[in-house]
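These notes are about the structure you will find just below.
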Amino acid sequence: MTGQEKRAPLARLLKPRSVAIVGASAEQHSVGNNALVNLKRFGFPGEIHLVSRRGGEIDGRACVASVDDLPMGVDAAILVVPAAIVKETLEACARRDIGGAVVFASGFGEQDEAGRIAQDEFAAVAAKNNLAVIGPNCIGFVSYAERAPLTFEPVDPVMPAGPGICVIAQSGAMSGNIRYALQGRGVPVSHSISTGNEAVSASEDCVELLVDDPSVSAFAIFVEQIRRPRNFLALAARARAAGKPIVLLHSGRSSRAREAAKTHTGSLAGDYAVMRAFVEREGVLLVEGLDELFDVCALLARNPKPIDGGVAVVSNSGALRGLSLDLCEDIGLAIPEFSPETAATLKSILPSFATVDNPLDVTAAAMTKPALFGDSARAIMDDPRVGFVLVAAMGGGLPQQMSKWKAVEPVVSHGHKPAALCYLGDEYPLNDVFLKEVRAAGVPFFRSPERALRAVARIAAWSEATREARGGNPVVDEVPRFEIDRRGTLAEWRGKIILSQSGVPVPRGRLASNSDEARAVAREIGYPVVLKAQADALAHKSDVGGVVVGIENQEDLDFAGFRMVAAVKEAAPGLVLDGMLVEAMAPKGGLEMIVGARRDPQWGPVLLVGLGGVWTEALRDVRLLPADSTVADIARELEKLKGAALLRGLRGSPPRDVEAFAGIAAKIGALMLANPHIVDIDVNPVNVYAKGEGALALDALIVTA
């Protein structure tokens, strides 16, 4: 094994030129024997070494008794050994300059604390010796491009003719499931990697190695945790620049799913919504189920580029037309009207009684003239408003399936825009010749138009996101760095000073330490005023009678102050107030919104925007964004609120000053970025007035570390 150029450990492991099976066995269907059978079945072109304590031969190959008897410099080791001796086996691998190892054994971090300690111990050995490790608690991987199946799962050598999808999953069963599903649809797969507990090498390490690999066209990733978020985001940007989409299925939307992950791959799953905000901003195509993962990958395998334009549906069912319109409205998928030129062409093709519209019903005439499908699809594909064509037909009997396929094949196989074919009828049998031809052509094929359209909608949304400019927040440099000598929650008056100095508009007013100062502030700003009790330990003032609004004169101000001090003293004995915040009453007519920000321990500062006041708790209609989002980013996200109609103006109410509100949110995001000791900001409500009239932050809660 001497004389070969130095390669990175993970490259040696995933692209091995030599493999050792540690724990090889002649017993049929055993883990060690399955690994050897796979290598033979794939015609692995490199050297194969066997390690067995019994020595002798297996399948005519000599065995050595221990890892220390192997030649120096083997690229990859398959460890078929008990958990108890994984650490010492890796130490032996390091002594023989082995590049990396696959650890099948379970009983580590996914099991209990003792297992996690043992996992950390062998991970330290790997780190010290620059040894790549896939696993533990995994089924290994298959590198089709390298003819290298380092797995005990029986696999077939389905070699892709060109670039394929790289499947990466922490779950072994899920990596196999995704691979089988894609290959069953004729989608080429370049790699199938089960990373397990990711004690050493994680999913993002595999992406880093393979993102520039010519055998990879896109990534299909299933994870329960992204262990190094910053690294993953940088890789997502690289993949986007390389034109290789990352399709991500991430479990953990529910609290029970996050808990289940701990006992599966030992993952401590984080906040799903925060993860979504960051990965989608970097152009990751996030799906929410296995069907979506399969369907989206099937479409991207054919055309990994963003879609430019809406979807057109060609069918021979008038009923499907209505169903498609309903579904596309629900999922936000644009179905554009055909251009006048396209409409004219279709009128010349279709029977006189056909209605030319999108979705298009070619009518029952297609039963005797299947060419109507292909001719119509070809005309529609030339429409500049259309970016994707779905031919969704009643397949009919076996001969009819072939006739329709022959009619549409030239368009869906060789057209200049992405397309897919759907034969309705659910599990009605399909013509074997048809299936063979459609898969050989690489045309995405569906039995469900709903699944096809949902997948197109995902890709259309991803396409729009990848086209949007993603610059940093330009107001970051405008926000001061604050020296704050307090830890924990800051009183509202302190928080509003910070907001005001950061450019966030707040009501006129200031802290008063006694009644004389309160009168002076009220005279200065003018009645009516608001009075609020102030102390760092008094985050929820209203709960203890610490807020009075609509004070019209000095007499009411004095009485409100007296009653407020008494109420706070009764509710919180021993609490010492900083004083009273006296502020001008905010103008009426504002829509209550919320801006929040917090420092996520995994992903960093994140921004929250949405409907505020009581709506926040009642509807939870909010959106999350990275804290460095621009005003334009925030405005786009506000359009995705369920209550976005309130911002546009509803039932006589005016359109709101979205730009002013987005500007406030951008400044609060910048405040988080500029001041790492601030861990939480809650500004609720922010009154958003009619367009051109601005917005005003009425309350502020800032927490420092």
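Just so we're on the same page: first chain in the structure tokens is A, next is B, and so on; residues restart at 1 for each chain, and ligands are numbered from 1 in the order they show up.
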Surrounding residues of A:Ala62 excluding itself and chain neighbours under 3 positions, 12 Å, only C-alpha atoms, as a list of chain:residue names: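 Listed by chain and then number, they are A:Ala20, A:Ile21, A:Ala24, A:Ser25, A:Ala26, A:Ile48, A:His49, A:Leu50, A:Val51, A:Ser52, A:Arg53, A:Arg54, A:Gly55, A:Gly56, A:Glu57, A:Ile58, A:Asp59, A:Ala65, A:Asp69, A:Leu70.
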Keeping C-alpha atoms for every residue in the selection just given, could you write it to a file as an mmCIF file, in the first residue's frame?
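File written: part17.cif
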data_model
loop_
_atom_site.group_PDB
_atom_site.id
_atom_site.type_symbol
_atom_site.label_atom_id
_atom_site.label_comp_id
_atom_site.auth_asym_id
_atom_site.auth_seq_id
_atom_site.Cartn_x
_atom_site.Cartn_y
_atom_site.Cartn_z
ATOM 1 C CA ALA A 20 -10.201 -4.581 5.173
ATOM 2 C CA ILE A 21 -13.089 -6.486 6.764
ATOM 3 C CA ALA A 24 -14.778 -11.455 8.388
ATOM 4 C CA SER A 25 -16.829 -14.620 8.423
ATOM 5 C CA ALA A 26 -17.549 -17.557 6.153
ATOM 6 C CA ILE A 48 -9.646 -6.761 -0.168
ATOM 7 C CA HIS A 49 -8.101 -7.867 3.149
ATOM 8 C CA LEU A 50 -9.784 -10.133 5.691
ATOM 9 C CA VAL A 51 -9.196 -10.146 9.437
ATOM 10 C CA SER A 52 -10.452 -13.134 11.425
ATOM 11 C CA ARG A 53 -9.212 -14.452 14.756
ATOM 12 C CA ARG A 54 -9.558 -17.962 13.350
ATOM 13 C CA GLY A 55 -7.158 -17.229 10.497
ATOM 14 C CA GLY A 56 -7.325 -19.623 7.543
ATOM 15 C CA GLU A 57 -9.200 -18.723 4.393
ATOM 16 C CA ILE A 58 -12.627 -17.382 3.446
ATOM 17 C CA ASP A 59 -13.794 -17.811 -0.118
ATOM 18 C CA ALA A 65 -5.502 -12.802 12.787
ATOM 19 C CA ASP A 69 -1.118 -7.979 10.768
ATOM 20 C CA LEU A 70 -2.576 -5.905 7.932
#
A:Leu608 surroundings by only C-alpha atoms, 8 Å radius, close-in-sequence under 2 positions cut, as an mmCIF file with N, CA and C atoms, in the first residue's frame:
data_model
loop_
_atom_site.group_PDB
_atom_site.id
_atom_site.type_symbol
_atom_site.label_atom_id
_atom_site.label_comp_id
_atom_site.auth_asym_id
_atom_site.auth_seq_id
_atom_site.Cartn_x
_atom_site.Cartn_y
_atom_site.Cartn_z
ATOM 1 N N ILE A 594 -45.324 42.178 16.290
ATOM 2 C CA ILE A 594 -44.276 41.809 17.237
ATOM 3 C C ILE A 594 -42.962 41.645 16.495
ATOM 4 N N VAL A 595 -41.881 42.063 17.152
ATOM 5 C CA VAL A 595 -40.531 41.753 16.703
ATOM 6 C C VAL A 595 -39.811 41.124 17.891
ATOM 7 N N GLY A 596 -39.236 39.973 17.670
ATOM 8 C CA GLY A 596 -38.446 39.315 18.712
ATOM 9 C C GLY A 596 -37.123 38.867 18.135
ATOM 10 N N ALA A 597 -36.178 38.629 18.992
ATOM 11 C CA ALA A 597 -34.879 38.103 18.558
ATOM 12 C C ALA A 597 -34.289 37.314 19.708
ATOM 13 N N VAL A 606 -31.436 34.866 15.723
ATOM 14 C CA VAL A 606 -32.585 34.654 14.848
ATOM 15 C C VAL A 606 -33.644 35.697 15.180
ATOM 16 N N GLY A 610 -44.198 39.048 13.312
ATOM 17 C CA GLY A 610 -45.550 38.527 13.148
ATOM 18 C C GLY A 610 -46.581 39.428 13.771
ATOM 19 N N VAL A 622 -46.407 33.850 13.193
ATOM 20 C CA VAL A 622 -45.092 34.490 13.177
ATOM 21 C C VAL A 622 -44.200 33.805 12.148
ATOM 22 N N ARG A 623 -43.143 34.499 11.747
ATOM 23 C CA ARG A 623 -42.134 33.965 10.841
ATOM 24 C C ARG A 623 -40.760 34.193 11.453
ATOM 25 N N LEU A 624 -39.851 33.254 11.181
ATOM 26 C CA LEU A 624 -38.482 33.360 11.680
ATOM 27 C C LEU A 624 -37.534 33.626 10.523
ATOM 28 N N LEU A 625 -36.504 34.442 10.786
ATOM 29 C CA LEU A 625 -35.485 34.761 9.794
ATOM 30 C C LEU A 625 -34.136 34.864 10.499
#
Spatial neighbours of A:Val80, max dist 10 Å, only C-alpha atoms, sep filter under 5 positions, as JSON, numbers by chain: {"A": [21, 22, 23, 24, 25, 30, 31, 32, 33, 35, 51, 86, 102, 103, 104, 105, 152]}
Using DSSP assignments from the backbone, pull out every residue in stretch 459-507 of chain A that falls under helix (DSSP H, G or I) and give it to me as a PDB file with N, CA and C atoms, in the first residue's frame.
ATOM      1  N   ILE A 459     -40.393  22.844  -5.524  1.00  0.00           N
ATOM      2  CA  ILE A 459     -39.281  23.284  -6.366  1.00  0.00           C
ATOM      3  C   ILE A 459     -39.497  24.722  -6.828  1.00  0.00           C
ATOM      4  N   ALA A 460     -40.752  25.108  -7.098  1.00  0.00           N
ATOM      5  CA  ALA A 460     -41.029  26.479  -7.513  1.00  0.00           C
ATOM      6  C   ALA A 460     -40.694  27.465  -6.397  1.00  0.00           C
ATOM      7  N   ALA A 461     -41.057  27.119  -5.154  1.00  0.00           N
ATOM      8  CA  ALA A 461     -40.734  27.999  -4.020  1.00  0.00           C
ATOM      9  C   ALA A 461     -39.224  28.083  -3.824  1.00  0.00           C
ATOM     10  N   TRP A 462     -38.558  26.943  -3.954  1.00  0.00           N
ATOM     11  CA  TRP A 462     -37.092  26.928  -3.855  1.00  0.00           C
ATOM     12  C   TRP A 462     -36.472  27.759  -4.976  1.00  0.00           C
ATOM     13  N   SER A 463     -37.032  27.654  -6.167  1.00  0.00           N
ATOM     14  CA  SER A 463     -36.515  28.412  -7.308  1.00  0.00           C
ATOM     15  C   SER A 463     -36.603  29.909  -7.046  1.00  0.00           C
ATOM     16  N   GLU A 464     -37.732  30.341  -6.501  1.00  0.00           N
ATOM     17  CA  GLU A 464     -37.902  31.765  -6.196  1.00  0.00           C
ATOM     18  C   GLU A 464     -36.903  32.218  -5.148  1.00  0.00           C
ATOM     19  N   ALA A 465     -36.703  31.381  -4.123  1.00  0.00           N
ATOM     20  CA  ALA A 465     -35.766  31.750  -3.048  1.00  0.00           C
ATOM     21  C   ALA A 465     -34.337  31.848  -3.564  1.00  0.00           C
ATOM     22  N   THR A 466     -33.952  30.956  -4.470  1.00  0.00           N
ATOM     23  CA  THR A 466     -32.571  30.981  -4.962  1.00  0.00           C
ATOM     24  C   THR A 466     -32.320  32.169  -5.876  1.00  0.00           C
ATOM     25  N   ARG A 467     -33.376  32.737  -6.443  1.00  0.00           N
ATOM     26  CA  ARG A 467     -33.200  33.904  -7.308  1.00  0.00           C
ATOM     27  C   ARG A 467     -33.096  35.202  -6.521  1.00  0.00           C
ATOM     28  N   VAL A 476     -26.295  46.945  10.028  1.00  0.00           N
ATOM     29  CA  VAL A 476     -25.491  46.426  11.138  1.00  0.00           C
ATOM     30  C   VAL A 476     -24.467  47.453  11.602  1.00  0.00           C
ATOM     31  N   ASP A 477     -23.816  48.109  10.662  1.00  0.00           N
ATOM     32  CA  ASP A 477     -22.780  49.073  11.028  1.00  0.00           C
ATOM     33  C   ASP A 477     -23.342  50.355  11.617  1.00  0.00           C
ATOM     34  N   GLU A 478     -24.663  50.544  11.488  1.00  0.00           N
ATOM     35  CA  GLU A 478     -25.277  51.755  12.031  1.00  0.00           C
ATOM     36  C   GLU A 478     -25.685  51.593  13.493  1.00  0.00           C
ATOM     37  N   GLU A 492     -37.878  48.102  31.254  1.00  0.00           N
ATOM     38  CA  GLU A 492     -38.309  48.633  29.963  1.00  0.00           C
ATOM     39  C   GLU A 492     -37.612  49.945  29.622  1.00  0.00           C
ATOM     40  N   TRP A 493     -37.443  50.817  30.605  1.00  0.00           N
ATOM     41  CA  TRP A 493     -36.850  52.121  30.303  1.00  0.00           C
ATOM     42  C   TRP A 493     -35.412  51.981  29.809  1.00  0.00           C
ATOM     43  N   ARG A 494     -34.694  50.994  30.367  1.00  0.00           N
ATOM     44  CA  ARG A 494     -33.325  50.747  29.884  1.00  0.00           C
ATOM     45  C   ARG A 494     -33.360  50.192  28.457  1.00  0.00           C
ATOM     46  N   GLY A 495     -34.262  49.238  28.233  1.00  0.00           N
ATOM     47  CA  GLY A 495     -34.365  48.647  26.905  1.00  0.00           C
ATOM     48  C   GLY A 495     -34.723  49.674  25.852  1.00  0.00           C
ATOM     49  N   LYS A 496     -35.596  50.627  26.203  1.00  0.00           N
ATOM     50  CA  LYS A 496     -36.012  51.620  25.212  1.00  0.00           C
ATOM     51  C   LYS A 496     -34.904  52.620  24.896  1.00  0.00           C
ATOM     52  N   ILE A 497     -34.032  52.865  25.848  1.00  0.00           N
ATOM     53  CA  ILE A 497     -32.868  53.705  25.540  1.00  0.00           C
ATOM     54  C   ILE A 497     -32.006  53.016  24.489  1.00  0.00           C
ATOM     55  N   ILE A 498     -31.796  51.705  24.674  1.00  0.00           N
ATOM     56  CA  ILE A 498     -30.994  50.938  23.721  1.00  0.00           C
ATOM     57  C   ILE A 498     -31.667  50.930  22.351  1.00  0.00           C
ATOM     58  N   LEU A 499     -32.993  50.704  22.321  1.00  0.00           N
ATOM     59  CA  LEU A 499     -33.706  50.695  21.041  1.00  0.00           C
ATOM     60  C   LEU A 499     -33.635  52.055  20.364  1.00  0.00           C
ATOM     61  N   SER A 500     -33.864  53.120  21.125  1.00  0.00           N
ATOM     62  CA  SER A 500     -33.862  54.461  20.556  1.00  0.00           C
ATOM     63  C   SER A 500     -32.506  54.814  19.961  1.00  0.00           C
ATOM     64  N   GLN A 501     -31.439  54.476  20.682  1.00  0.00           N
ATOM     65  CA  GLN A 501     -30.093  54.768  20.187  1.00  0.00           C
ATOM     66  C   GLN A 501     -29.724  53.883  18.995  1.00  0.00           C
TER      67      GLN A 501
END
One-decimal distance in Å that lies between atom CA of A:Asp295 and atom CA of A:Arg451: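 Atom CA of A:Arg451 sits 7.2 Å away from atom CA of A:Asp295.
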d(atom CA of A:Ala697, atom CA of A:Asp657) in Å: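 Computing the Euclidean distance for atom CA of A:Ala697 and atom CA of A:Asp657 yields 13.5 Å.
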Separation of atom CA of A:Lys569 from atom CA of A:Asp516, in Å and rounded to one decimal: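 Between these atoms lies a distance of 20.4 Å.
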From A:Leu235, A:Ile246, A:Tyr272, A:Arg385, residue lying nearest A:Asp308 [only C-alpha atoms]: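 Residue with the minimum atom-to-atom distance to A:Asp308: A:Arg385.
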